[in-house]
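Chemist: Contents are compact mmCIF, C-alpha atoms; file name model34.txt:
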```
# COMPACT_ATOMS: atom_id res chain seq x y z
CA MET C 6 0.00 0.00 0.00
CA ALA C 7 1.29 3.42 -0.93
CA THR C 8 1.89 5.71 1.98
CA THR C 9 2.33 9.12 0.43
CA THR C 10 0.16 11.82 1.86
CA ALA C 11 -1.03 12.64 -1.63
CA THR C 12 -2.64 9.27 -2.27
CA ARG C 13 -6.31 9.68 -3.00
CA HIS C 14 -8.92 7.24 -4.04
CA SER C 15 -11.70 9.42 -5.25
CA ARG C 16 -13.43 8.54 -8.47
CA ARG C 17 -13.71 12.25 -9.14
CA PRO C 18 -10.62 14.33 -9.43
CA SER C 19 -10.07 16.35 -6.30
CA LYS C 20 -7.20 18.45 -5.16
CA THR C 21 -4.82 17.57 -2.41
CA LEU C 22 -5.56 20.19 0.13
CA LEU C 23 -2.27 19.71 1.84
CA GLU C 24 -0.68 21.38 -1.15
CA ALA C 25 -3.37 23.81 -2.16
CA THR C 26 -3.76 26.28 0.65
CA GLY C 27 -7.34 27.30 0.89
CA LYS C 28 -8.02 27.71 -2.81
CA GLU C 29 -11.38 26.84 -4.30
CA ALA C 30 -11.57 23.76 -6.42
CA GLU C 31 -10.98 24.91 -10.00
CA SER C 32 -13.62 22.83 -11.64
CA TYR C 33 -16.63 21.88 -9.64
CA GLU C 34 -18.87 19.10 -10.81
CA PRO C 35 -21.98 18.27 -8.82
CA PRO C 36 -22.37 14.60 -7.91
CA LYS C 37 -24.47 12.25 -10.00
CA LEU C 38 -27.35 10.00 -9.11
CA VAL C 39 -25.76 6.58 -8.74
CA VAL C 40 -29.01 4.67 -8.27
CA PRO C 41 -30.82 4.90 -11.62
CA VAL C 42 -34.57 5.39 -11.67
CA ASP C 43 -36.25 2.00 -11.69
CA PRO C 44 -39.99 2.26 -12.40
CA SER C 45 -40.50 -1.25 -11.02
CA ARG C 46 -39.25 -0.10 -7.62
CA ASP C 47 -39.42 3.69 -7.54
CA HIS C 48 -42.46 5.85 -6.99
CA VAL C 49 -42.78 7.58 -10.33
CA GLN C 50 -45.30 10.29 -11.09
CA GLY C 51 -45.91 11.13 -14.74
CA ASP C 52 -44.93 9.21 -17.85
CA SER C 53 -42.26 6.71 -16.82
CA LYS C 54 -40.62 7.22 -20.23
CA ALA C 55 -40.66 11.03 -20.09
CA ILE C 56 -37.59 12.81 -21.42
CA LEU C 57 -36.96 14.85 -18.25
CA THR C 58 -36.46 13.32 -14.81
CA LEU C 59 -36.65 14.99 -11.43
CA VAL C 60 -35.71 12.91 -8.40
CA GLU C 61 -36.28 14.18 -4.87
CA TYR C 62 -34.75 12.77 -1.72
CA GLY C 63 -37.08 13.99 0.96
CA ASP C 64 -38.06 13.81 4.61
CA TYR C 65 -41.74 14.27 5.49
CA GLN C 66 -40.98 16.20 8.65
CA CYS C 67 -38.42 18.53 7.11
CA PRO C 68 -39.75 22.09 6.81
CA PHE C 69 -37.64 22.75 3.71
CA CYS C 70 -39.23 19.73 2.03
CA GLY C 71 -42.62 21.09 3.03
CA ALA C 72 -41.69 24.38 1.39
CA ALA C 73 -40.41 22.59 -1.73
CA TYR C 74 -43.58 20.50 -2.08
CA PRO C 75 -45.65 23.20 -3.85
CA GLU C 76 -42.59 24.10 -5.93
CA VAL C 77 -42.45 20.55 -7.30
CA LYS C 78 -46.15 20.79 -8.13
CA LYS C 79 -45.42 23.96 -10.10
CA VAL C 80 -42.59 22.25 -11.97
CA GLN C 81 -44.87 19.34 -12.84
CA LYS C 82 -47.60 21.68 -14.03
CA GLU C 83 -45.20 23.61 -16.21
CA LEU C 84 -43.47 20.66 -17.83
CA GLY C 85 -46.48 18.35 -18.05
CA SER C 86 -45.91 15.07 -19.88
CA LYS C 87 -42.26 15.88 -20.54
CA LEU C 88 -41.45 15.20 -16.89
CA ARG C 89 -41.39 12.20 -14.62
CA PHE C 90 -41.01 12.87 -10.90
CA VAL C 91 -39.53 10.34 -8.51
CA PHE C 92 -39.67 10.53 -4.72
CA ARG C 93 -37.22 8.64 -2.53
CA ASN C 94 -37.02 8.61 1.24
CA PHE C 95 -34.29 10.37 3.15
CA PRO C 96 -35.57 10.58 6.74
CA LEU C 97 -33.22 12.51 9.02
CA THR C 98 -34.12 10.42 12.02
CA ASN C 99 -31.79 12.04 14.53
CA VAL C 100 -33.49 15.44 14.16
CA HIS C 101 -36.99 14.45 13.01
CA GLU C 102 -38.65 12.01 15.36
CA PHE C 103 -41.64 11.36 13.08
CA ALA C 104 -39.76 11.19 9.78
CA MET C 105 -39.36 7.41 9.76
CA VAL C 106 -42.94 6.57 10.67
CA ALA C 107 -44.16 9.09 8.10
CA ALA C 108 -42.02 7.42 5.43
CA GLU C 109 -43.38 4.03 6.52
CA THR C 110 -46.90 5.44 6.29
CA SER C 111 -46.39 6.54 2.70
CA GLU C 112 -44.87 3.20 1.76
CA ALA C 113 -47.68 1.27 3.42
CA ALA C 114 -50.15 3.34 1.39
CA GLY C 115 -47.98 2.87 -1.67
CA VAL C 116 -48.17 -0.90 -1.60
CA GLN C 117 -51.95 -0.48 -1.82
CA GLY C 118 -51.61 1.86 -4.78
CA LYS C 119 -52.02 5.17 -2.94
CA PHE C 120 -48.44 6.33 -2.51
CA TRP C 121 -48.85 9.80 -4.03
CA GLU C 122 -52.13 10.43 -2.26
CA MET C 123 -50.46 9.76 1.08
CA HIS C 124 -47.26 11.57 0.08
CA ASP C 125 -49.25 14.71 -0.72
CA PHE C 126 -51.37 14.41 2.40
CA LEU C 127 -48.29 14.12 4.65
CA TYR C 128 -46.71 17.22 3.14
CA GLU C 129 -49.97 19.11 3.40
CA HIS C 130 -50.32 18.10 7.07
CA GLN C 131 -46.76 18.31 8.34
CA ARG C 132 -47.88 19.77 11.64
CA THR C 133 -49.94 16.73 12.52
CA LEU C 134 -47.22 14.15 11.77
CA GLY C 135 -46.93 13.37 15.47
CA ASP C 136 -50.58 12.34 15.63
CA TYR C 137 -50.78 8.94 14.00
CA SER C 138 -54.59 8.95 13.98
CA VAL C 139 -54.59 11.71 11.33
CA ALA C 140 -52.77 9.59 8.75
CA LEU C 141 -54.85 6.58 9.72
CA ALA C 142 -58.07 8.51 9.14
CA HIS C 143 -56.75 9.54 5.75
CA ALA C 144 -55.86 5.93 4.93
CA LYS C 145 -59.48 5.04 5.70
CA LYS C 146 -60.66 7.86 3.49
CA LEU C 147 -58.47 6.57 0.67
CA GLY C 148 -60.19 3.23 1.01
CA LEU C 149 -57.11 1.36 2.17
CA ASP C 150 -57.20 -1.91 4.03
CA THR C 151 -56.36 -0.21 7.32
CA GLN C 152 -55.70 -3.46 9.18
CA LYS C 153 -52.93 -4.35 6.75
CA PHE C 154 -51.79 -0.71 6.69
CA GLU C 155 -51.47 -0.51 10.48
CA ARG C 156 -49.87 -3.91 10.80
CA GLU C 157 -47.20 -3.14 8.22
CA ILE C 158 -46.31 0.15 9.86
CA SER C 159 -46.09 -1.31 13.35
CA GLN C 160 -43.98 -4.22 12.08
CA HIS C 161 -41.70 -1.83 10.16
CA VAL C 162 -42.16 -3.84 6.98
CA TYR C 163 -40.84 -1.01 4.80
CA GLN C 164 -37.97 0.14 6.95
CA LYS C 165 -35.42 -1.77 4.92
CA ARG C 166 -36.65 -0.19 1.70
CA ILE C 167 -36.52 3.26 3.31
CA LYS C 168 -32.98 2.64 4.55
CA ASP C 169 -31.99 1.44 1.07
CA ASP C 170 -33.35 4.71 -0.33
CA PHE C 171 -31.32 6.58 2.27
CA ILE C 172 -28.04 4.78 1.60
CA GLY C 173 -28.51 5.15 -2.16
CA GLY C 174 -29.02 8.84 -1.53
CA VAL C 175 -25.86 9.12 0.53
CA ARG C 176 -23.93 7.39 -2.25
CA SER C 177 -25.31 9.91 -4.72
CA GLY C 178 -24.18 12.85 -2.61
CA VAL C 179 -27.45 13.79 -0.90
CA ASN C 180 -26.35 16.57 1.44
CA GLY C 181 -29.55 17.51 3.21
CA THR C 182 -33.25 17.54 2.54
CA PRO C 183 -34.66 18.09 0.08
CA THR C 184 -31.97 17.14 -2.42
CA PHE C 185 -33.02 17.14 -6.05
CA TYR C 186 -31.44 15.46 -9.06
CA VAL C 187 -32.24 16.90 -12.46
CA ASN C 188 -31.69 14.39 -15.23
CA GLY C 189 -29.33 12.47 -12.97
CA VAL C 190 -27.21 15.35 -11.66
CA ARG C 191 -27.53 16.96 -8.24
CA HIS C 192 -29.31 20.29 -8.37
CA ASP C 193 -27.27 22.64 -6.18
CA GLY C 194 -29.47 25.65 -6.89
CA PRO C 195 -32.47 26.78 -4.85
CA ALA C 196 -35.37 24.36 -4.33
CA GLU C 197 -37.68 26.67 -6.24
CA ALA C 198 -39.78 25.93 -9.30
CA ASP C 199 -38.07 28.42 -11.62
CA ALA C 200 -34.57 27.22 -10.77
CA ILE C 201 -35.55 23.56 -11.08
CA VAL C 202 -37.31 24.05 -14.44
CA LYS C 203 -34.32 25.99 -15.74
CA SER C 204 -31.98 23.25 -14.58
CA LEU C 205 -34.18 20.49 -16.05
CA THR C 206 -34.53 22.11 -19.45
CA ALA C 207 -30.95 23.39 -19.80
CA LYS C 208 -29.11 22.00 -22.79
CA PRO C 209 -26.22 19.84 -21.67
CA MET L 1 -28.51 7.09 9.63
CA VAL L 2 -25.23 7.65 7.80
CA MET L 3 -23.15 7.11 10.94
CA PRO L 4 -23.58 3.30 10.91
CA GLU L 5 -22.12 3.34 7.39
CA PHE L 6 -18.94 4.94 8.72
CA LYS L 7 -18.85 2.52 11.64
CA LYS L 8 -18.87 -0.41 9.20
CA PHE L 9 -15.38 0.73 8.21
CA ASN L 10 -14.41 1.28 11.83
CA ALA L 11 -14.15 4.98 11.03
CA GLU L 12 -14.70 7.82 13.45
CA LEU L 13 -16.13 11.15 12.42
CA LEU L 14 -14.62 14.39 13.74
CA ALA L 15 -15.62 17.89 12.79
CA ILE L 16 -13.49 20.98 13.20
CA SER L 17 -13.95 24.71 12.77
CA VAL L 18 -12.46 27.91 14.14
CA ASP L 19 -15.48 28.67 16.34
CA ASN L 20 -15.12 28.46 20.08
CA ILE L 21 -16.36 25.59 22.19
CA TRP L 22 -19.42 27.46 23.49
CA SER L 23 -20.58 28.11 19.98
CA HIS L 24 -19.86 24.46 19.15
CA LEU L 25 -21.86 23.25 22.13
CA ALA L 26 -24.87 25.31 21.11
CA PHE L 27 -24.58 24.19 17.49
CA ALA L 28 -24.15 20.51 18.39
CA LYS L 29 -27.15 20.70 20.69
CA ASP L 30 -29.31 22.48 18.14
CA ARG L 31 -28.44 20.05 15.35
CA LYS L 32 -28.36 17.02 17.66
CA LEU L 33 -24.88 16.12 16.42
CA ASN L 34 -23.71 12.71 17.55
CA PHE L 35 -19.99 13.16 16.91
CA PRO L 36 -17.29 15.38 18.44
CA VAL L 37 -16.82 18.91 17.15
CA LEU L 38 -13.30 20.25 17.65
CA SER L 39 -12.42 23.87 18.16
CA ASP L 40 -9.53 25.31 16.15
CA PHE L 41 -9.87 28.55 18.06
CA GLU L 42 -6.56 29.25 19.76
CA PRO L 43 -4.24 29.77 18.01
CA LYS L 44 -6.94 30.42 15.50
CA GLY L 45 -6.94 28.19 12.43
CA ASN L 46 -3.71 26.45 13.39
CA ILE L 47 -4.93 22.97 12.52
CA SER L 48 -7.00 24.07 9.51
CA ARG L 49 -3.84 25.72 8.11
CA LYS L 50 -1.87 22.50 8.51
CA PHE L 51 -4.48 20.75 6.41
CA GLY L 52 -4.38 23.52 3.82
CA ALA L 53 -7.99 24.25 4.61
CA TYR L 54 -7.89 27.73 6.11
CA LYS L 55 -9.34 30.73 4.34
CA GLU L 56 -7.08 33.57 5.39
CA LYS L 57 -9.25 36.32 3.95
CA ILE L 58 -12.37 35.51 5.91
CA GLY L 59 -10.72 33.71 8.82
CA GLU L 60 -12.72 30.53 8.53
CA SER L 61 -12.02 26.89 7.86
CA ALA L 62 -12.74 25.79 4.32
CA ARG L 63 -15.48 23.29 3.57
CA ALA L 64 -13.03 20.44 3.31
CA LEU L 65 -13.17 16.70 3.96
CA PHE L 66 -10.28 14.41 4.86
CA VAL L 67 -10.10 10.68 5.31
CA LEU L 68 -7.19 9.59 7.47
CA ASP L 69 -5.99 6.03 7.78
CA ASP L 70 -5.05 4.23 11.00
CA LYS L 71 -1.58 5.78 10.86
CA GLY L 72 -2.97 9.29 10.60
CA ILE L 73 -2.04 9.63 6.95
CA VAL L 74 -4.41 11.58 4.71
CA ARG L 75 -5.71 9.12 2.13
CA TRP L 76 -8.38 11.24 0.54
CA SER L 77 -9.44 14.85 0.59
CA HIS L 78 -12.06 17.01 -1.00
CA LEU L 79 -12.60 20.74 -1.09
CA SER L 80 -16.15 21.89 -1.66
CA PRO L 81 -17.23 25.37 -2.77
CA ASP L 82 -18.33 27.41 0.27
CA GLY L 83 -22.01 27.30 -0.58
CA VAL L 84 -22.13 23.59 -1.30
CA ASN L 85 -22.50 20.93 1.36
CA PRO L 86 -20.38 18.07 -0.03
CA GLY L 87 -22.42 15.16 1.36
CA ALA L 88 -20.84 11.89 2.46
CA GLU L 89 -20.47 10.04 -0.82
CA GLY L 90 -16.77 10.77 -1.31
CA ILE L 91 -15.97 9.70 2.23
CA LEU L 92 -17.66 6.33 1.79
CA SER L 93 -15.95 5.67 -1.54
CA ALA L 94 -12.60 6.55 0.03
CA LEU L 95 -13.24 4.24 2.98
CA GLU L 96 -14.19 1.45 0.60
CA GLN L 97 -10.97 1.90 -1.36
CA LEU L 98 -8.91 1.91 1.84
CA ASN L 99 -10.48 -1.34 2.94
CA LYS L 100 -9.93 -3.12 -0.34
CA PRO L 101 -7.37 -5.90 -0.03
CA GLN L 102 -4.16 -4.60 -1.60
CA ALA L 103 -2.34 -6.62 -4.23
```
In structure tokens, what does this structure look like?
Modeler:
Amino acid sequence: MATTTATRHSRRPSKTLLEATGKEAESYEPPKLVVPVDPSRDHVQGDSKAILTLVEYGDYQCPFCGAAYPEVKKVQKELGSKLRFVFRNFPLTNVHEFAMVAAETSEAAGVQGKFWEMHDFLYEHQRTLGDYSVALAHAKKLGLDTQKFEREISQHVYQKRIKDDFIGGVRSGVNGTPTFYVNGVRHDGPAEADAIVKSLTAKP
Amino acid sequence: MVMPEFKKFNAELLAISVDNIWSHLAFAKDRKLNFPVLSDFEPKGNISRKFGAYKEKIGESARALFVLDDKGIVRWSHLSPDGVNPGAEGILSALEQLNKPQA
């Protein structure tokens, strides 16, 4: 094994800071989505073969995700059938005590075909995330088999899937929530509709 | 949830900045940080400078990441633009490479 201080093992070129005193990296490239969109596993809204892809790593309890939620709706409205939107879980469990159960709630609804209905409901009712009966009442309203729904949440049936989402996100350079990927590249701009649309429709 | 990924490689996470310990304590408490935050406060920026990660003009540590091996040798580093949180991807890739059996 080499033992020089300059040895690096990054796949991306990066500078050796020991030599470069405090200078900015000359060329900055945002990280790429390393887990490709898989319509058989992912929650995809819109045409699964659409030419533009927006992926969000989100946490249901995160206020910034709550603020980004209507922005995503605007993006979808503007781009219509040209866009497919994918949501993946990134619950920050050490700061958001209800983030995991909320993610489990959406997944439990998802397996019964109501993922997006529950996803939207959770973001529209972020303040009541701590009150489980609210989501349960909504599950009833959506016509879900609530026995199965409750059992799966209490048995943490979807926790592995949620953790897989999380780890995939970490490997793609998710650096907080929400983190968006536009056509497979991390969107480092603001989580606002205009910026996201611009980023999605920019010519490479 | 990313901490267990570091632990798989037997790696410890340390953070460092030029802020004083009282500021660190408040920050760590507010963000519920579960790793030590070191204070490079006196003499200011001494350690950051040694890592080439001190911004003289503004008197702050740069947004830099380092992976050190068990002998304290820097095996990987990354400098992120100030406004961009680098995420943990590079760290995990570096740890993976370090743990690969060497030919």
Chemist: What does the distance from CA of Asn34 in chain L to CA of Glu5 in chain L come to in Å, to one decimal?
Modeler: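 It comes out at 13.9 Å.
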Chemist: Provide as a count of residues only the residues of chain L at most 6 Å from chain C, counting all atoms listed in the file.
Modeler: 14
Chemist: Could you tell me which of L:Leu25, L:Lys57, L:Phe35, L:Lys100 comes closest to Lys7 in chain L if we count all atoms listed in the file?
Modeler: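 The shortest atom-to-atom distance to Lys7 in chain L comes from L:Phe35.
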Chemist: Find the residues near Asp52 in chain C: any atom within 10 Å, counting all atoms listed in the file, skip ones fewer than 6 places away on the same chain, and give them as a list in words.
Modeler: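 Contacts, with the query itself left out: Thr58, Gly85, Ser86, Lys87, Leu88, Arg89 and Phe90 of chain C.
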Chemist: Just give me the residues with any atom within 10 Å of (-38.7, 20.3, -12.2), file coordinates, counting only C-alpha atoms, written as a ChimeraX atom specification.
Modeler: /C:57-61,76-85,88-90,185-188,196-206
Chemist: Can you tell me how far CA of Arg156 in chain C sits from CA of Cys70 in chain C, in Å to one decimal?
Modeler: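 Going from CA of Arg156 in chain C over to CA of Cys70 in chain C, I get 27.4 Å.
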Chemist: Grab the CA of Glu42 in chain L to CA of Ile16 in chain L distance for me, in Å with one decimal place.
Modeler: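 CA of Ile16 in chain L lies at a distance of 12.6 Å from CA of Glu42 in chain L.
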Chemist: Show me, as a short mmCIF file (atom, residue, chain, number, x, y, z; two decimals) with C-alpha atoms, in the coordinates of the input, the residues that have an atom within 12 Å of Val139 in chain C when counting all atoms listed in the file, minus same-chain residues fewer than 3 positions from it.
Modeler:
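And here's result.cif as it stands now:
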```
data_model
loop_
_atom_site.label_atom_id
_atom_site.label_comp_id
_atom_site.auth_asym_id
_atom_site.auth_seq_id
_atom_site.Cartn_x
_atom_site.Cartn_y
_atom_site.Cartn_z
CA ALA C 107 -44.16 9.09 8.10
CA THR C 110 -46.90 5.44 6.29
CA MET C 123 -50.46 9.76 1.08
CA PHE C 126 -51.37 14.41 2.40
CA LEU C 127 -48.29 14.12 4.65
CA GLU C 129 -49.97 19.11 3.40
CA HIS C 130 -50.32 18.10 7.07
CA GLN C 131 -46.76 18.31 8.34
CA ARG C 132 -47.88 19.77 11.64
CA THR C 133 -49.94 16.73 12.52
CA LEU C 134 -47.22 14.15 11.77
CA GLY C 135 -46.93 13.37 15.47
CA ASP C 136 -50.58 12.34 15.63
CA ALA C 142 -58.07 8.51 9.14
CA HIS C 143 -56.75 9.54 5.75
CA ALA C 144 -55.86 5.93 4.93
CA LYS C 145 -59.48 5.04 5.70
CA LYS C 146 -60.66 7.86 3.49
#
```
